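Before any comments, here is the structure.
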Amino acid sequence: MKALVVRLDSFGDVLLAGPAVRAVAAGCSHVSMLCGPRGADAARMLPGVDEVLVWEAPWEGFDPPPVIPADVDALLTRLRAAALDTALILTSFHQSPLPTALLLRLAGVGRIGADSVGHPGRLLDVRRRRLPERHEAEAALDTATALGFPRPAGDDGRLRVVPPPDTSALTGHGPYVVLHPGASAPARAWSPDRCVEAVALLADAGHRVVVTGGPGERPLTRRVAGDLAVDLGGRTTARTLAGVLRMADAVVSANTGPAHLAAAVGTPVVSLFAPVVPAGRWAPYGVPVILLGDPSAPCADTRALVCPVPGHPCLDEVTGQDVVRAVHKLMQEGPS
């Protein structure tokens, strides 16, 4: 049986689909994954994925592309050529799987399943409604089970990626704490000044600190690292970042892709979690986690990209010392 798993949005979202992907792979001979450009690198690291198809959907992301018929036709051609027997469409709780389901119907996919609040008509063969407040990783696995792909025996259901490379040439030898100051949306980010404060206090407490970030975040990582930390801004791929996070004692990050990547390599996370989305659905999954931030702030559940409250109090009232205490607590408790 040839299957397709669809998760069209971001890097972290694709990582959260990992347990469901493994469930599908256990019951199929070949698994393709259809994802957007921001999630492609994550898809390539998921165990069970044989092929990654990349397509930027005009209904996903912060700045979706226009609807271009030729692009849709090209995708349909690729999907028809794949001769898929079944498809699992994974979405967040506030998204609809139905536009994707329509395309898969047009491509001749035999059996399609998804979570759907809206009435699917003939677009879905298996329509599931997720349990309230279910974590995204668990909700995806629930939907896979409903489609006929339960969690395999012996699979713990946690996030996982293929083994990352040795990155000691980047980090240097000896223990360290990672601080990732960036975020995919400004409303989810801790302020640079607070990050600088945390680096200084972690260094004062005897920790080596490694600061990570993407190519577009180099000015931020330079500022945060200063002369006290190793600056890896723009110097890691997705796979090498996984290696850096895997060897850390703890990772300090906002609710963004690297927090989920840390969970996928088994590293505890101090999660600076802005409540614009619910922590119960989006917190790092399956590893020891300490959540910092005000879950009852006025921005709660707004899904805002830019903080609607002056001063960003939900996160910026968290201090560097709060982070140091959280790191020490995770290190003392050890793996769960």
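FYI, nothing fancy with the structure tokens labels: chains A, B, ... in order, residues from 1 per chain, ligands from 1 as they appear.
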
Subject >> Nearby residues (only C-alpha atoms) at most 9 Å from range 189-203 of chain A, same-chain spacing under 2 positions excluded, as number ranges by chain >> reply: A: 177, 179-187, 205-211, 220-221, 223-226, 228-229, 253-256, 272-274, 312, 315-316, 318-324, 327

With 10 Å as the cut-off and only C-alpha atoms counted, what is the closest atom pair between each nearby residue of range 100-166 of chain A and range 243-252 of chain A? Distances in Å to one decimal, ordered by chain and number, as a Markdown table.
| residue | atom | partner | partner_atom | distance |
| --- | --- | --- | --- | --- |
| A:Pro163 | CA | A:Gly243 | CA | 8.1 |
| A:Pro164 | CA | A:Gly243 | CA | 4.9 |
| A:Pro165 | CA | A:Gly243 | CA | 5.6 |
| A:Asp166 | CA | A:Gly243 | CA | 6.1 |

Residues of range 78-115 of chain A that approach range 141-158 of chain A to 10 Å or less, counting only C-alpha atoms: could you list each one with the shortest pair of atoms and its distance in Å to one decimal, rows by chain and increasing residue number, as a tab-separated table?
residue	atom	partner	partner_atom	distance
A:Thr86	CA	A:Leu147	CA	9.0
A:Ala87	CA	A:Leu147	CA	8.8
A:Leu88	CA	A:Ala144	CA	6.7
A:Ile89	CA	A:Thr143	CA	8.7
A:Leu90	CA	A:Thr143	CA	8.1
A:Arg111	CA	A:Leu147	CA	8.7
A:Ile112	CA	A:Leu147	CA	7.9
A:Gly113	CA	A:Leu147	CA	5.9
A:Ala114	CA	A:Thr143	CA	6.3
A:Asp115	CA	A:Thr143	CA	6.6

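The coordinates place CA of Gly293 in chain A at 22.8 Å from CA of His94 in chain A.
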
Subject >> DSSP-assigned strand (DSSP E or B) among range 75-214 of chain A, expressed as a ChimeraX atom specification >> reply: /A:86-89,111-115,126-128,177-180,209-211

**OP:** Quick one: pick out all alpha helix (DSSP H) residues within range 68-288 of chain A from a backbone DSSP run and write them as a PyMOL selection string.
**Re:** chain A and resi 69-82+98-106+136-146+168-171+192-204+218-225+238-246+257-264+279-282

Original post:
Which residue gives the smallest distance to Met1 in chain A among A:Ala326, A:Val52, A:Cys28, A:Val270, with only C-alpha atoms counted?
Top reply: A:Cys28

Original post:
What gap, in Å, lies between CA of Val21 in chain A and CA of Leu34 in chain A?
Top reply: 11.5 Å

Original post:
Looking at A:Arg78, A:Arg218, A:Arg44, A:Arg235, which one is nearest to Gly18 in chain A, with distances taken over only C-alpha atoms?
Top reply: A:Arg44

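Look at Leu76 in chain A: the protein and nucleic acid residues within 12 Å of it, using only C-alpha atoms and passing over chain neighbours fewer than 5 places away, are Leu34, Leu53, Trp55, Pro69, Ala70, Asp71, Ala81, Ala82, Ala83, Leu84, Thr100, Ala101, Leu102, Leu103, Leu104, Arg105, Leu106, Ala107, Gly108 and Val109 of chain A.
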
Original post:
Near Pro298 in chain A, counting only C-alpha atoms, which residues have an atom at most 10 Å away, once you skip same-chain residues fewer than 5 positions from it, shown as number ranges by chain?
Top reply: A: 275-276, 307-309, 313-314

Subject >> Test item: residues at most 12 Å from Pro64 in chain A, only C-alpha atoms, excluding those fewer than 4 positions along its chain, as a PyMOL selection string >> reply: chain A and resi 8-9+36-38+55-60+68

**OP:** Take CA of Leu75 in chain A and CA of Ala40 in chain A and report the distance between them in Å, one decimal.
**Re:** 15.6 Å

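Compared by their closest atoms to Thr237 in chain A, and using only C-alpha atoms, the residues A:Val117, A:Ala300, A:Ala42, A:Val269 rank with A:Ala42 nearest.
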